[in-house]
$ cat coords09.tsv   # TSV, N, CA and C atoms
chain	number	residue	atom	x	y	z
A	276	MET	N	0.85	-1.18	0.00
A	276	MET	CA	0.00	0.00	0.00
A	276	MET	C	0.89	1.24	0.00
A	277	ALA	N	0.48	2.22	-0.74
A	277	ALA	CA	1.27	3.43	-0.88
A	277	ALA	C	0.97	4.41	0.25
A	278	LEU	N	1.88	5.35	0.41
A	278	LEU	CA	1.66	6.39	1.41
A	278	LEU	C	0.62	7.39	0.94
A	279	ASN	N	0.53	7.59	-0.37
A	279	ASN	CA	-0.48	8.49	-0.92
A	279	ASN	C	-1.06	7.87	-2.18
A	280	LYS	N	-2.10	8.48	-2.74
A	280	LYS	CA	-2.78	7.94	-3.90
A	280	LYS	C	-2.01	8.16	-5.19
A	281	ASN	N	-0.93	8.91	-5.16
A	281	ASN	CA	-0.18	9.19	-6.38
A	281	ASN	C	0.75	8.06	-6.77
A	282	HIS	N	1.09	7.21	-5.84
A	282	HIS	CA	2.03	6.14	-6.16
A	282	HIS	C	1.62	4.87	-5.42
A	283	GLU	N	0.75	4.10	-6.04
A	283	GLU	CA	0.26	2.88	-5.41
A	283	GLU	C	1.04	1.67	-5.95
A	284	PHE	N	1.27	0.72	-5.09
A	284	PHE	CA	1.85	-0.55	-5.50
A	284	PHE	C	1.31	-1.63	-4.59
A	285	GLU	N	1.22	-2.83	-5.12
A	285	GLU	CA	0.81	-3.99	-4.34
A	285	GLU	C	1.22	-5.24	-5.11
A	286	GLU	N	1.02	-6.38	-4.49
A	286	GLU	CA	1.36	-7.64	-5.14
A	286	GLU	C	0.20	-8.13	-5.97
A	287	LEU	N	0.48	-8.42	-7.25
A	287	LEU	CA	-0.50	-9.02	-8.15
A	287	LEU	C	0.10	-10.33	-8.64
A	288	ASP	N	-0.58	-11.42	-8.40
A	288	ASP	CA	-0.09	-12.76	-8.77
A	288	ASP	C	1.30	-13.03	-8.21
A	289	GLY	N	1.57	-12.54	-7.00
A	289	GLY	CA	2.84	-12.80	-6.34
A	289	GLY	C	3.98	-11.92	-6.80
A	290	VAL	N	3.72	-10.91	-7.64
A	290	VAL	CA	4.76	-10.01	-8.14
A	290	VAL	C	4.43	-8.60	-7.67
A	291	LYS	N	5.44	-7.92	-7.12
A	291	LYS	CA	5.24	-6.54	-6.67
A	291	LYS	C	5.08	-5.66	-7.91
A	292	CYS	N	3.96	-4.94	-7.98
A	292	CYS	CA	3.63	-4.15	-9.17
A	292	CYS	C	3.23	-2.73	-8.80
A	293	GLY	N	3.53	-1.82	-9.71
A	293	GLY	CA	3.00	-0.47	-9.62
A	293	GLY	C	1.61	-0.50	-10.22
A	294	ILE	N	0.62	-0.01	-9.48
A	294	ILE	CA	-0.76	-0.06	-9.93
A	294	ILE	C	-1.00	1.05	-10.94
A	295	VAL	N	-1.55	0.66	-12.09
A	295	VAL	CA	-1.89	1.63	-13.13
A	295	VAL	C	-3.33	2.10	-12.91
A	296	GLU	N	-4.26	1.17	-12.87
A	296	GLU	CA	-5.67	1.49	-12.61
A	296	GLU	C	-6.34	0.29	-11.97
A	297	LYS	N	-7.41	0.57	-11.22
A	297	LYS	CA	-8.20	-0.48	-10.60
A	297	LYS	C	-9.61	-0.44	-11.16
A	298	ASN	N	-10.27	-1.57	-11.11
A	298	ASN	CA	-11.66	-1.71	-11.56
A	298	ASN	C	-11.86	-1.26	-13.00
A	299	VAL	N	-11.04	-1.75	-13.90
A	299	VAL	CA	-11.17	-1.39	-15.31
A	299	VAL	C	-11.94	-2.48	-16.05
A	300	SER	N	-12.63	-2.06	-17.09
A	300	SER	CA	-13.39	-3.00	-17.92
A	300	SER	C	-12.44	-3.79	-18.81
A	301	PRO	N	-12.91	-4.89	-19.39
A	301	PRO	CA	-12.04	-5.66	-20.30
A	301	PRO	C	-11.58	-4.84	-21.51
A	302	GLU	N	-12.43	-3.94	-22.01
A	302	GLU	CA	-12.04	-3.10	-23.15
A	302	GLU	C	-10.92	-2.14	-22.76
A	303	ARG	N	-11.05	-1.54	-21.59
A	303	ARG	CA	-10.02	-0.61	-21.10
A	303	ARG	C	-8.72	-1.37	-20.82
A	304	LEU	N	-8.85	-2.59	-20.31
A	304	LEU	CA	-7.68	-3.42	-20.05
A	304	LEU	C	-6.89	-3.66	-21.33
A	305	SER	N	-7.57	-4.01	-22.42
A	305	SER	CA	-6.84	-4.27	-23.66
A	305	SER	C	-6.20	-2.99	-24.19
A	306	PHE	N	-6.86	-1.84	-24.03
A	306	PHE	CA	-6.29	-0.55	-24.44
A	306	PHE	C	-5.01	-0.25	-23.66
A	307	LEU	N	-5.09	-0.35	-22.32
A	307	LEU	CA	-3.92	-0.06	-21.49
A	307	LEU	C	-2.79	-1.05	-21.73
A	308	LYS	N	-3.15	-2.31	-21.88
A	308	LYS	CA	-2.13	-3.34	-22.08
A	308	LYS	C	-1.36	-3.10	-23.37
A	309	GLU	N	-2.07	-2.71	-24.42
A	309	GLU	CA	-1.42	-2.43	-25.70
A	309	GLU	C	-0.44	-1.27	-25.58
A	310	ILE	N	-0.87	-0.19	-24.92
A	310	ILE	CA	0.00	0.98	-24.75
A	310	ILE	C	1.24	0.63	-23.91
A	311	LEU	N	1.01	0.01	-22.76
A	311	LEU	CA	2.11	-0.25	-21.84
A	311	LEU	C	3.11	-1.27	-22.39
A	312	GLU	N	2.61	-2.31	-23.02
A	312	GLU	CA	3.53	-3.32	-23.57
A	312	GLU	C	4.32	-2.78	-24.74
A	313	SER	N	3.73	-1.88	-25.54
A	313	SER	CA	4.49	-1.30	-26.66
A	313	SER	C	5.56	-0.34	-26.15
A	314	ASN	N	5.45	0.11	-24.89
A	314	ASN	CA	6.45	0.98	-24.29
A	314	ASN	C	7.43	0.21	-23.40
A	315	GLY	N	7.39	-1.10	-23.46
A	315	GLY	CA	8.39	-1.92	-22.78
A	315	GLY	C	8.06	-2.34	-21.36
A	316	TYR	N	6.82	-2.17	-20.92
A	316	TYR	CA	6.43	-2.58	-19.57
A	316	TYR	C	5.81	-3.96	-19.60
A	317	SER	N	6.04	-4.73	-18.56
A	317	SER	CA	5.38	-6.02	-18.39
A	317	SER	C	4.10	-5.78	-17.60
A	318	VAL	N	2.97	-6.11	-18.20
A	318	VAL	CA	1.67	-5.83	-17.61
A	318	VAL	C	1.13	-7.08	-16.94
A	319	ILE	N	0.59	-6.89	-15.74
A	319	ILE	CA	-0.09	-7.98	-15.02
A	319	ILE	C	-1.48	-7.47	-14.68
A	320	ALA	N	-2.49	-8.26	-15.06
A	320	ALA	CA	-3.87	-7.91	-14.77
A	320	ALA	C	-4.52	-9.06	-14.02
A	321	VAL	N	-5.19	-8.73	-12.94
A	321	VAL	CA	-5.90	-9.74	-12.15
A	321	VAL	C	-7.33	-9.27	-11.95
A	322	PRO	N	-8.27	-10.19	-11.84
A	322	PRO	CA	-9.66	-9.78	-11.57
A	322	PRO	C	-9.74	-9.02	-10.25
A	323	SER	N	-10.52	-7.95	-10.26
A	323	SER	CA	-10.72	-7.17	-9.04
A	323	SER	C	-11.59	-7.96	-8.09
A	324	PRO	N	-11.36	-7.81	-6.79
A	324	PRO	CA	-12.22	-8.51	-5.84
A	324	PRO	C	-13.65	-7.97	-5.92
A	325	ALA	N	-14.60	-8.84	-5.67
A	325	ALA	CA	-16.00	-8.43	-5.70
A	325	ALA	C	-16.26	-7.44	-4.57
A	326	PRO	N	-17.12	-6.45	-4.82
A	326	PRO	CA	-17.42	-5.50	-3.74
A	326	PRO	C	-18.16	-6.19	-2.62
A	327	LYS	N	-17.93	-5.71	-1.42
A	327	LYS	CA	-18.59	-6.30	-0.26
A	327	LYS	C	-20.05	-5.92	-0.27
A	328	ALA	N	-20.90	-6.91	-0.14
A	328	ALA	CA	-22.34	-6.67	-0.15
A	328	ALA	C	-22.83	-6.42	1.26
A	329	ALA	N	-23.82	-5.58	1.37
A	329	ALA	CA	-24.43	-5.31	2.68
A	329	ALA	C	-25.26	-6.53	3.07
A	330	PRO	N	-25.30	-6.86	4.34
A	330	PRO	CA	-26.11	-8.01	4.74
A	330	PRO	C	-27.58	-7.75	4.48
A	331	ALA	N	-28.30	-8.82	4.17
A	331	ALA	CA	-29.73	-8.69	3.89
A	331	ALA	C	-30.46	-8.30	5.17
A	332	PRO	N	-31.45	-7.41	5.07
A	332	PRO	CA	-32.19	-7.03	6.28
A	332	PRO	C	-33.00	-8.21	6.80
A	333	LYS	N	-33.04	-8.33	8.11
A	333	LYS	CA	-33.79	-9.42	8.72
A	333	LYS	C	-35.26	-9.04	8.78
A	334	PRO	N	-36.16	-10.00	8.56
A	334	PRO	CA	-37.58	-9.67	8.64
A	334	PRO	C	-37.96	-9.31	10.06
A	335	ALA	N	-38.89	-8.39	10.17
A	335	ALA	CA	-39.36	-7.95	11.49
A	335	ALA	C	-40.19	-9.07	12.12
A	336	GLU	N	-40.41	-8.94	13.42
A	336	GLU	CA	-41.19	-9.96	14.14
A	336	GLU	C	-42.58	-10.05	13.54
A	337	GLY	N	-43.04	-11.25	13.35
A	337	GLY	CA	-44.37	-11.48	12.83
A	337	GLY	C	-44.44	-11.51	11.32
A	338	GLU	N	-43.40	-11.03	10.64
A	338	GLU	CA	-43.40	-11.07	9.18
A	338	GLU	C	-42.79	-12.38	8.73
A	339	THR	N	-43.31	-12.87	7.66
A	339	THR	CA	-42.73	-14.08	7.08
A	339	THR	C	-41.93	-13.66	5.87
A	340	ASP	N	-40.95	-14.41	5.59
A	340	ASP	CA	-40.14	-14.09	4.42
A	340	ASP	C	-40.59	-14.95	3.24
A	341	ALA	N	-41.91	-14.96	3.00
A	341	ALA	CA	-42.47	-15.72	1.89
A	341	ALA	C	-42.06	-15.09	0.57
A	342	VAL	N	-41.94	-13.78	0.57
A	342	VAL	CA	-41.53	-13.10	-0.65
A	342	VAL	C	-40.02	-12.88	-0.54
A	343	ALA	N	-39.31	-13.67	-1.26
A	343	ALA	CA	-37.85	-13.56	-1.22
A	343	ALA	C	-37.42	-12.40	-2.11
A	344	ALA	N	-36.43	-11.68	-1.65
A	344	ALA	CA	-35.89	-10.57	-2.44
A	344	ALA	C	-35.16	-11.15	-3.64
A	345	PRO	N	-35.26	-10.48	-4.80
A	345	PRO	CA	-34.56	-10.99	-5.97
A	345	PRO	C	-33.04	-10.94	-5.76
A	346	ALA	N	-32.38	-11.88	-6.34
A	346	ALA	CA	-30.92	-11.94	-6.20
A	346	ALA	C	-30.31	-10.75	-6.95
A	347	PRO	N	-29.30	-10.12	-6.36
A	347	PRO	CA	-28.67	-8.99	-7.05
A	347	PRO	C	-27.95	-9.49	-8.30
A	348	PRO	N	-27.85	-8.64	-9.31
A	348	PRO	CA	-27.15	-9.06	-10.52
A	348	PRO	C	-25.66	-9.27	-10.22
A	349	PRO	N	-25.02	-10.15	-10.95
A	349	PRO	CA	-23.60	-10.36	-10.70
A	349	PRO	C	-22.81	-9.10	-11.03
A	350	PRO	N	-21.76	-8.82	-10.26
A	350	PRO	CA	-20.97	-7.62	-10.54
A	350	PRO	C	-20.27	-7.75	-11.89
A	351	PRO	N	-20.05	-6.64	-12.56
A	351	PRO	CA	-19.36	-6.71	-13.85
A	351	PRO	C	-17.91	-7.16	-13.65
A	352	ALA	N	-17.39	-7.82	-14.66
A	352	ALA	CA	-16.00	-8.29	-14.58
A	352	ALA	C	-15.07	-7.09	-14.71
A	353	THR	N	-14.32	-6.82	-13.67
A	353	THR	CA	-13.36	-5.72	-13.69
A	353	THR	C	-11.99	-6.25	-13.30
A	354	PHE	N	-10.97	-5.48	-13.62
A	354	PHE	CA	-9.60	-5.92	-13.41
A	354	PHE	C	-8.78	-4.83	-12.73
A	355	THR	N	-7.73	-5.28	-12.05
A	355	THR	CA	-6.71	-4.39	-11.53
A	355	THR	C	-5.50	-4.54	-12.44
A	356	VAL	N	-5.01	-3.43	-12.96
A	356	VAL	CA	-3.90	-3.45	-13.91
A	356	VAL	C	-2.66	-2.89	-13.24
A	357	GLY	N	-1.56	-3.62	-13.37
A	357	GLY	CA	-0.29	-3.17	-12.81
A	357	GLY	C	0.85	-3.49	-13.75
A	358	VAL	N	1.98	-2.87	-13.52
A	358	VAL	CA	3.20	-3.16	-14.27
A	358	VAL	C	4.27	-3.60	-13.29
A	359	THR	N	5.19	-4.43	-13.76
A	359	THR	CA	6.20	-4.99	-12.87
A	359	THR	C	7.21	-3.95	-12.39
A	360	ASP	N	7.29	-2.81	-13.06
A	360	ASP	CA	8.12	-1.71	-12.58
A	360	ASP	C	7.32	-0.98	-11.51
A	361	TYR	N	7.57	-1.28	-10.24
A	361	TYR	CA	6.74	-0.73	-9.18
A	361	TYR	C	6.97	0.76	-8.95
A	362	THR	N	7.92	1.37	-9.65
A	362	THR	CA	8.10	2.81	-9.55
A	362	THR	C	7.27	3.55	-10.59
A	363	PHE	N	6.54	2.82	-11.43
A	363	PHE	CA	5.75	3.44	-12.50
A	363	PHE	C	4.61	4.27	-11.92
A	364	ASN	N	4.42	5.46	-12.46
A	364	ASN	CA	3.31	6.34	-12.12
A	364	ASN	C	2.77	6.87	-13.43
A	365	TRP	N	1.52	6.57	-13.75
A	365	TRP	CA	0.99	6.94	-15.07
A	365	TRP	C	0.90	8.45	-15.25
A	366	VAL	N	0.68	9.22	-14.20
A	366	VAL	CA	0.61	10.68	-14.33
A	366	VAL	C	1.98	11.22	-14.73
A	367	ASN	N	3.01	10.78	-14.04
A	367	ASN	CA	4.36	11.23	-14.39
A	367	ASN	C	4.75	10.78	-15.79
A	368	ALA	N	4.32	9.59	-16.19
A	368	ALA	CA	4.67	9.07	-17.51
A	368	ALA	C	4.01	9.88	-18.62
A	369	ILE	N	2.77	10.31	-18.41
A	369	ILE	CA	2.07	11.07	-19.45
A	369	ILE	C	2.61	12.50	-19.53
A	370	PHE	N	2.67	13.19	-18.41
A	370	PHE	CA	3.10	14.58	-18.44
A	370	PHE	C	4.61	14.72	-18.59
A	371	GLY	N	5.36	13.66	-18.30
A	371	GLY	CA	6.79	13.66	-18.56
A	371	GLY	C	7.10	13.19	-19.97
A	372	ARG	N	6.06	12.91	-20.76
A	372	ARG	CA	6.18	12.49	-22.16
A	372	ARG	C	7.06	11.25	-22.29
A	373	LEU	N	6.78	10.25	-21.46
A	373	LEU	CA	7.55	9.02	-21.48
A	373	LEU	C	6.85	7.91	-22.26
A	374	LEU	N	5.57	8.05	-22.52
A	374	LEU	CA	4.81	7.01	-23.23
A	374	LEU	C	4.53	7.46	-24.65
A	375	LYS	N	4.67	6.52	-25.60
A	375	LYS	CA	4.40	6.82	-27.00
A	375	LYS	C	3.42	5.80	-27.57
A	376	THR	N	2.71	6.23	-28.61
A	376	THR	CA	1.84	5.31	-29.34
A	376	THR	C	2.71	4.49	-30.28
A	377	LYS	N	2.09	3.52	-30.94
A	377	LYS	CA	2.85	2.67	-31.86
A	377	LYS	C	3.38	3.45	-33.05
A	378	ASP	N	2.68	4.55	-33.42
A	378	ASP	CA	3.15	5.33	-34.56
A	378	ASP	C	4.10	6.47	-34.15
A	379	GLY	N	4.54	6.50	-32.89
A	379	GLY	CA	5.59	7.42	-32.46
A	379	GLY	C	5.14	8.72	-31.84
A	380	HIS	N	3.83	8.96	-31.70
A	380	HIS	CA	3.35	10.19	-31.06
A	380	HIS	C	3.34	10.00	-29.55
A	381	PHE	N	3.58	11.10	-28.84
A	381	PHE	CA	3.50	11.05	-27.39
A	381	PHE	C	2.04	10.90	-26.98
A	382	ILE	N	1.81	10.14	-25.92
A	382	ILE	CA	0.46	9.92	-25.43
A	382	ILE	C	0.04	11.12	-24.60
A	383	THR	N	-1.13	11.65	-24.93
A	383	THR	CA	-1.68	12.79	-24.20
A	383	THR	C	-2.68	12.29	-23.17
A	384	LEU	N	-3.06	13.17	-22.26
A	384	LEU	CA	-4.02	12.80	-21.23
A	384	LEU	C	-5.37	12.42	-21.85
A	385	ALA	N	-5.80	13.18	-22.85
A	385	ALA	CA	-7.08	12.89	-23.50
A	385	ALA	C	-7.04	11.53	-24.19
A	386	TYR	N	-5.92	11.17	-24.77
A	386	TYR	CA	-5.80	9.86	-25.42
A	386	TYR	C	-5.79	8.76	-24.35
A	387	TRP	N	-5.09	8.97	-23.25
A	387	TRP	CA	-5.03	7.99	-22.17
A	387	TRP	C	-6.42	7.74	-21.59
A	388	GLN	N	-7.19	8.80	-21.46
A	388	GLN	CA	-8.55	8.68	-20.92
A	388	GLN	C	-9.56	8.26	-21.98
A	389	GLN	N	-9.09	7.99	-23.18
A	389	GLN	CA	-9.89	7.54	-24.32
A	389	GLN	C	-10.95	8.57	-24.72
A	390	GLN	N	-10.62	9.84	-24.56
A	390	GLN	CA	-11.50	10.91	-25.04
A	390	GLN	C	-11.17	11.27	-26.48
A	391	ASP	N	-9.92	11.10	-26.88
A	391	ASP	CA	-9.49	11.29	-28.27
A	391	ASP	C	-9.13	9.95	-28.87
A	392	LYS	N	-9.46	9.78	-30.14
A	392	LYS	CA	-9.13	8.52	-30.84
A	392	LYS	C	-7.68	8.51	-31.29
A	393	VAL	N	-7.11	9.70	-31.51
A	393	VAL	CA	-5.73	9.83	-31.98
A	393	VAL	C	-4.99	10.74	-31.02
A	394	SER	N	-3.75	10.39	-30.71
A	394	SER	CA	-2.95	11.21	-29.81
A	394	SER	C	-2.40	12.40	-30.58
A	395	ASN	N	-2.93	13.59	-30.30
A	395	ASN	CA	-2.49	14.82	-30.96
A	395	ASN	C	-1.53	15.53	-30.02
A	396	ASP	N	-0.26	15.27	-30.17
A	396	ASP	CA	0.74	15.83	-29.26
A	396	ASP	C	1.40	17.10	-29.78
A	397	GLU	N	0.94	17.65	-30.90
A	397	GLU	CA	1.54	18.86	-31.43
A	397	GLU	C	1.18	20.08	-30.58
A	398	VAL	N	-0.03	20.11	-30.02
A	398	VAL	CA	-0.46	21.22	-29.18
A	398	VAL	C	-0.36	20.77	-27.73
A	399	PRO	N	0.45	21.43	-26.91
A	399	PRO	CA	0.59	21.03	-25.51
A	399	PRO	C	-0.74	21.15	-24.75
A	400	TYR	N	-0.91	20.35	-23.72
A	400	TYR	CA	-2.16	20.31	-22.98
A	400	TYR	C	-2.52	21.67	-22.37
A	401	TYR	N	-1.53	22.47	-22.02
A	401	TYR	CA	-1.80	23.74	-21.36
A	401	TYR	C	-2.19	24.83	-22.35
A	402	GLU	N	-2.06	24.59	-23.65
A	402	GLU	CA	-2.48	25.58	-24.64
A	402	GLU	C	-3.82	25.23	-25.26
A	403	LYS	N	-4.40	24.09	-24.93
A	403	LYS	CA	-5.69	23.71	-25.49
A	403	LYS	C	-6.79	24.49	-24.79
A	404	SER	N	-7.79	24.84	-25.55
A	404	SER	CA	-8.90	25.59	-24.95
A	404	SER	C	-10.03	24.69	-24.54

$ encode --input "coords09.tsv" --output "structure tokens"
Amino acid sequence: MALNKNHEFEELDGVKCGIVEKNVSPERLSFLKEILESNGYSVIAVPSPAPKAAPAPKPAEGETDAVAAPAPPPPPATFTVGVTDYTFNWVNAIFGRLLKTKDGHFITLAYWQQQDKVSNDEVPYYEKS
């Protein structure tokens, strides 16, 4: 566990890893894995633990539990993504211009967050309106 939220690390599959993101969808996992592996990082992804469910309320005295509550839907499959370089910090990597796409452009914050389809690194983030 990290001292602050800016640099998290923990063991994933028995390997000490720097945490990239938690509770990511399978689509986001494949996006992150492609970026990180093309930049030379070893990616480890494990299923996220299921959220803790609140205990079911007990029926009051005199009430029967003839009407059973419907079962909650299963939680969506999410993953915890980490890299074996436990010093990795995705914020420092993006703003320090350490990550590149396969075609050689620097990865921007909008591209990392999947808001842009193409990484447009010609205009710095602080000059965008």

$ residues_around --input "coords09.tsv" --residues "Gly357 (chain A)" --least-positions-apart "6" --cutoff "10 Å" --atoms "only C-alpha atoms" --output "list in words"
Glu283, Phe284, Glu285, Glu286, Leu287, Val290, Lys291, Cys292, Gly293, Ile294, Val295, Glu296, Lys297, Leu307, Lys308, Leu311, Tyr316, Ser317, Val318, Ile319, Ala320, Val321 and Phe363 of chain A

$ closest_residue --input "coords09.tsv" --among "A:Ala352, A:Ala346, A:Ile310, A:Ala325" --to "Thr376 (chain A)" --atoms "only C-alpha atoms"
A:Ile310

$ atom_distance --input "coords09.tsv" --atom1 "atom N of Ile382 (chain A)" --atom2 "atom N of Glu397 (chain A)"
9.1 Å

$ residues_around --input "coords09.tsv" --residues "region 366-373 of chain A" --least-positions-apart "6" --cutoff "7 Å" --atoms "all atoms listed in the file" --output "list of chain:residue names"
A:Phe381, A:Ile382, A:Thr383, A:Leu384
